[in-house]
Amino acid sequence: MGMTAFRRLSHLLQLLTLVECCSVAAADPNKILRVATFDIETLDPQQYNDDPSFRVITAIFEGLYEWDYLAATPSLAPVTAAGPPEISADGKIWTIRIKPGIYFTDDPAFGGKPRELVAQDFVYSITRWLDPNLRRGGAPVPTDLIVGARAVVDAARETGKLDYDRPIEGLRALDRHTLQVKLTQVNYPIAQAILNYLVCAREVVDAAHGDIRARSVGTGPYRLREWKRGSRIVLEANPKYRSLRFPASGDPAHAALVKSMQGKTLPQIGVVELNVIEEDVTQLLEFERGMLDYVELRAQIASRLLANGKLKPEYAERGIARHVFAEPFLFAIYFNIADPVVGGMGKERIALRRAMALALDRKTLIDVVYSGQALPANQLVPPGVAGHDATLPPSTYDPSAANALLDRFGYEARDAEGYRKAPDGKPLTLTTSLRTGSISREIATLWKKNLDAIGLRGEFHLTPFQDFVKKLEAGNFQLYWGGYGGVPYGYPQLDQLDSRQPPTVNTARFRLAEYDRAVDRFYASPNEKGRNAAARQASELASTYAPILPTIFRLQNDFVQPWVQGYSKQLYTNYWKYLDVDLARRK
């Protein structure tokens, strides 16, 4: 290259850098997005175990892809990847090229130098996700799917420490910006999940001695400014973030939305303020005062803004918008199969759990507690998620059959107050754990009434959200009422009863080889018909042995202030980087 050409190239690169800096500066610090959240536990992208933490983490850290913001059918959209994955003809080799020029936010571990995102960062981060010694307990299915990962993970389990320098054949950086993943078998759902794993820098983890709960150094659109535990989290725009354009969509339903955001350089919002508000009614009050820009409400609280299933006129006149959809989560009562009272696989214990399943009044739960803002759950996989079977019959509510079942299997003896005793004649008390909240108190009231109807004594423990999660992980519960899911495929719900999963996933501690084989068939199925059949069998087995009692699929109502622009349903994570705030209209 001649000197003149070199100077031209250098000048061009300077201009491109200037354009990049100007486009990042589009994030206006005066544009503040104010939202509510439940308390979070960590900002470690490989050690979270709750949805509130995950939502904040995904604003700071990125994966190769994300679920397309506007797609009707879930599909991968490149984030740090340069384009779609290149997949071999047999479906077992996935090659992904990473965009050059993406940088982590500054950290002392980088020695004052810019730190570019490279393929090896994904090798490290995916390996860290598999580590069985971290809080999540590893990831058994991806471990078996990635060629060579099982031996590395088993060695880490034995020694108590994973060797991150030990090569994994199926996880390689072919060059600085090319990642290759080799699979032991075809498994599109998990392969896509692996490509969504969030990436961190090894130097930061090592410098923090593995504890990066509050040392969040990512490549995402925002970085952490402030975190007061139990109170609030403040994020600010990442000054190194590249410019974005609003996603395109061929769906006529999104035409006006896409047009309204055309020409905008994103992200526009300079600050995201998350206030920890555990009570739904408080979230609603803050939204009505204009102190929250959007709010995600469910059940009776959501119905306060509705009349005959539609937004009340006074809210519509204010320009407030409503988005309603079935969440990709299963809500259920989970039994601790390791518990000496409700657990075990003996006939009398199965009968006890199945009797409770027959006693649950889902109609009243939906009509009264959730004010019609839910659907009855008759299986493990939610509507709109791969594996959901719309042909399955509804769940049965039959207290008479429940009483007969308990009488038949040894629970016929009663104490002085009329409550049933265990088959051995000892007192029988069933304790259900729920997270703190007004709706939990209503659920507890109904569930106690249902248990009373079949002669079972019930007690209830209401616990703040993060303490609630810790109790589940430790197995410190008999029954708990909660939800799980959040992705377009049904494997999170199915994995909850897979005996090969760690307790952070299989909180019920359920073990059944036949069920595990049904999960394997779900993963191996090349089409929707096969996945639905496998998921149906898994749901039927869960109904038979009753480690989980599916209750509802919640309807989520997002209410959005008129000054928020670019909003579509926040289905699988947050998409704050695509939003804007009209400051004049907010005033």
# chains A, B, ... in the order shown; residues from 1 in each chain; ligands from 1
>>> residues_around(residues="segment 76-90 of chain A", least_positions_apart="6", cutoff="6 Å", atoms="only C-alpha atoms", output="list in words")
Leu64, Tyr65, Glu66, Trp67, Asp68, Ile96, Arg97, Ile98 and Lys99 of chain A
>>> write_last_selection(atoms="N, CA, C and O atoms", output="CSV table (one decimal), in the first residue's frame")
chain,number,residue,atom,x,y,z
A,64,LEU,N,-24.2,-13.7,21.5
A,64,LEU,CA,-24.1,-13.6,20.1
A,64,LEU,C,-25.4,-13.1,19.4
A,64,LEU,O,-25.3,-12.4,18.4
A,65,TYR,N,-26.5,-13.6,20.0
A,65,TYR,CA,-27.8,-13.3,19.4
A,65,TYR,C,-28.8,-13.0,20.5
A,65,TYR,O,-28.5,-13.1,21.7
A,66,GLU,N,-29.9,-12.5,20.1
A,66,GLU,CA,-31.1,-12.3,21.0
A,66,GLU,C,-32.3,-12.7,20.2
A,66,GLU,O,-32.3,-12.9,19.0
A,67,TRP,N,-33.4,-12.9,21.0
A,67,TRP,CA,-34.7,-13.2,20.3
A,67,TRP,C,-35.2,-12.0,19.7
A,67,TRP,O,-35.3,-10.9,20.3
A,68,ASP,N,-35.5,-12.1,18.4
A,68,ASP,CA,-35.9,-10.9,17.6
A,68,ASP,C,-37.0,-10.1,18.3
A,68,ASP,O,-38.1,-10.7,18.7
A,96,ILE,N,-19.8,-19.3,13.9
A,96,ILE,CA,-20.3,-17.9,14.1
A,96,ILE,C,-19.2,-16.9,14.0
A,96,ILE,O,-18.1,-17.1,14.7
A,97,ARG,N,-19.3,-15.9,13.1
A,97,ARG,CA,-18.3,-14.8,13.0
A,97,ARG,C,-18.8,-13.6,13.8
A,97,ARG,O,-19.9,-13.2,13.8
A,98,ILE,N,-17.9,-13.1,14.6
A,98,ILE,CA,-18.1,-12.0,15.5
A,98,ILE,C,-17.7,-10.7,15.0
A,98,ILE,O,-16.7,-10.6,14.3
A,99,LYS,N,-18.6,-9.7,15.2
A,99,LYS,CA,-18.3,-8.4,14.7
A,99,LYS,C,-17.0,-7.8,15.3
A,99,LYS,O,-16.9,-7.8,16.5
>>> closest_atom_pairs(of="segment 478-567 of chain A", to="segment 145-165 of chain A", cutoff="12 Å", atoms="only C-alpha atoms", output="tab-separated table")
residue	atom	partner	partner_atom	distance
A:Asp520	CA	A:Leu145	CA	11.3
A:Tyr523	CA	A:Leu145	CA	10.3
A:Ala524	CA	A:Leu145	CA	10.9
>>> residues_around(residues="segment 45-59 of chain A", least_positions_apart="6", cutoff="7 Å", atoms="only C-alpha atoms", output="ChimeraX atom specification")
/A:37-39,128-129,134-136,198,220-222,573-574
>>> closest_residue(among="A:Thr507, A:Asn308, A:Thr265, A:Gln537", to="Glu473 of chain A", atoms="only C-alpha atoms")
A:Thr507
>>> closest_atom_pairs(of="segment 134-199 of chain A", to="segment 528-533 of chain A", cutoff="12 Å", atoms="only C-alpha atoms", output="tab-separated table")
residue	atom	partner	partner_atom	distance
A:Asn187	CA	A:Arg531	CA	11.4
A:Tyr188	CA	A:Arg531	CA	11.6
A:Pro189	CA	A:Arg531	CA	10.6
>>> write_last_selection(atoms="N, CA, C and O atoms", output="compact mmCIF listing (two decimals), in the first residue's frame")
# COMPACT_ATOMS: atom_id res chain seq x y z
N ASN A 187 -29.45 -30.73 17.91
CA ASN A 187 -30.32 -30.22 18.96
C ASN A 187 -30.45 -28.71 18.77
O ASN A 187 -29.70 -27.93 19.35
N TYR A 188 -31.39 -28.31 17.92
CA TYR A 188 -31.54 -26.90 17.60
C TYR A 188 -31.93 -26.04 18.80
O TYR A 188 -31.40 -24.93 18.98
N PRO A 189 -32.86 -26.48 19.66
CA PRO A 189 -33.23 -25.61 20.80
C PRO A 189 -32.05 -25.26 21.69
O PRO A 189 -31.86 -24.11 22.05
>>> select_by_dssp(residues="segment 81-153 of chain A", states="strand (DSSP E or B)", output="list of chain:residue names")
A:Ala81, A:Glu86, A:Ile87, A:Ile93, A:Trp94, A:Thr95, A:Ile96, A:Arg97, A:Ile98, A:Tyr103, A:Glu116, A:Ile146
>>> decode(residues="segment 227-248 of chain A", atoms="N, CA, C and O atoms", output="compact mmCIF listing (two decimals), in the first residue's frame")
# COMPACT_ATOMS: atom_id res chain seq x y z
N TRP A 227 -25.95 0.62 42.65
CA TRP A 227 -26.79 -0.50 43.09
C TRP A 227 -26.90 -0.45 44.62
O TRP A 227 -25.95 -0.75 45.32
N LYS A 228 -28.07 -0.03 45.08
CA LYS A 228 -28.37 -0.07 46.50
C LYS A 228 -29.28 -1.27 46.73
O LYS A 228 -30.46 -1.25 46.34
N ARG A 229 -28.74 -2.31 47.31
CA ARG A 229 -29.47 -3.57 47.44
C ARG A 229 -30.80 -3.35 48.17
O ARG A 229 -30.87 -2.69 49.19
N GLY A 230 -31.83 -3.94 47.57
CA GLY A 230 -33.16 -3.83 48.15
C GLY A 230 -33.82 -2.50 47.91
O GLY A 230 -34.96 -2.28 48.35
N SER A 231 -33.16 -1.58 47.18
CA SER A 231 -33.70 -0.24 46.99
C SER A 231 -33.79 0.14 45.51
O SER A 231 -34.89 0.31 44.97
N ARG A 232 -32.63 0.24 44.83
CA ARG A 232 -32.67 0.63 43.43
C ARG A 232 -31.38 0.28 42.72
O ARG A 232 -30.33 0.10 43.33
N ILE A 233 -31.49 0.21 41.39
CA ILE A 233 -30.35 0.00 40.50
C ILE A 233 -30.41 1.11 39.45
O ILE A 233 -31.48 1.40 38.91
N VAL A 234 -29.28 1.72 39.18
CA VAL A 234 -29.21 2.75 38.15
C VAL A 234 -28.18 2.34 37.10
O VAL A 234 -27.03 2.03 37.43
N LEU A 235 -28.62 2.31 35.86
CA LEU A 235 -27.74 2.02 34.73
C LEU A 235 -27.56 3.28 33.91
O LEU A 235 -28.48 4.11 33.81
N GLU A 236 -26.39 3.43 33.30
CA GLU A 236 -26.15 4.55 32.40
C GLU A 236 -25.67 4.01 31.06
O GLU A 236 -25.11 2.92 30.98
N ALA A 237 -25.87 4.78 30.01
CA ALA A 237 -25.50 4.35 28.66
C ALA A 237 -24.01 4.07 28.59
O ALA A 237 -23.19 4.81 29.14
N ASN A 238 -23.67 2.98 27.93
CA ASN A 238 -22.28 2.59 27.72
C ASN A 238 -21.67 3.50 26.65
O ASN A 238 -22.09 3.46 25.50
N PRO A 239 -20.67 4.31 27.00
CA PRO A 239 -20.12 5.25 26.02
C PRO A 239 -19.39 4.57 24.86
O PRO A 239 -19.14 5.20 23.84
N LYS A 240 -19.07 3.28 25.02
CA LYS A 240 -18.38 2.56 23.95
C LYS A 240 -19.34 1.77 23.07
O LYS A 240 -18.91 1.06 22.16
N TYR A 241 -20.64 1.90 23.34
CA TYR A 241 -21.58 1.06 22.61
C TYR A 241 -21.76 1.55 21.18
O TYR A 241 -21.78 2.74 20.91
N ARG A 242 -21.90 0.59 20.28
CA ARG A 242 -22.10 0.92 18.88
C ARG A 242 -23.53 1.40 18.63
O ARG A 242 -24.43 1.10 19.40
N SER A 243 -23.72 2.11 17.54
CA SER A 243 -25.05 2.62 17.23
C SER A 243 -25.94 1.53 16.67
O SER A 243 -25.48 0.58 16.03
N LEU A 244 -27.24 1.67 16.92
CA LEU A 244 -28.23 0.69 16.46
C LEU A 244 -29.32 1.39 15.67
O LEU A 244 -29.53 2.60 15.79
N ARG A 245 -30.04 0.61 14.90
CA ARG A 245 -31.28 1.07 14.28
C ARG A 245 -32.42 0.19 14.80
O ARG A 245 -32.21 -0.96 15.19
N PHE A 246 -33.59 0.75 14.81
CA PHE A 246 -34.76 0.00 15.28
C PHE A 246 -34.98 -1.20 14.36
O PHE A 246 -34.83 -1.09 13.14
N PRO A 247 -35.33 -2.38 14.92
CA PRO A 247 -35.51 -3.57 14.09
C PRO A 247 -36.60 -3.40 13.03
O PRO A 247 -37.60 -2.71 13.25
N ALA A 248 -36.37 -4.03 11.90
CA ALA A 248 -37.37 -4.03 10.83
C ALA A 248 -38.39 -5.13 11.09
O ALA A 248 -38.15 -6.06 11.85
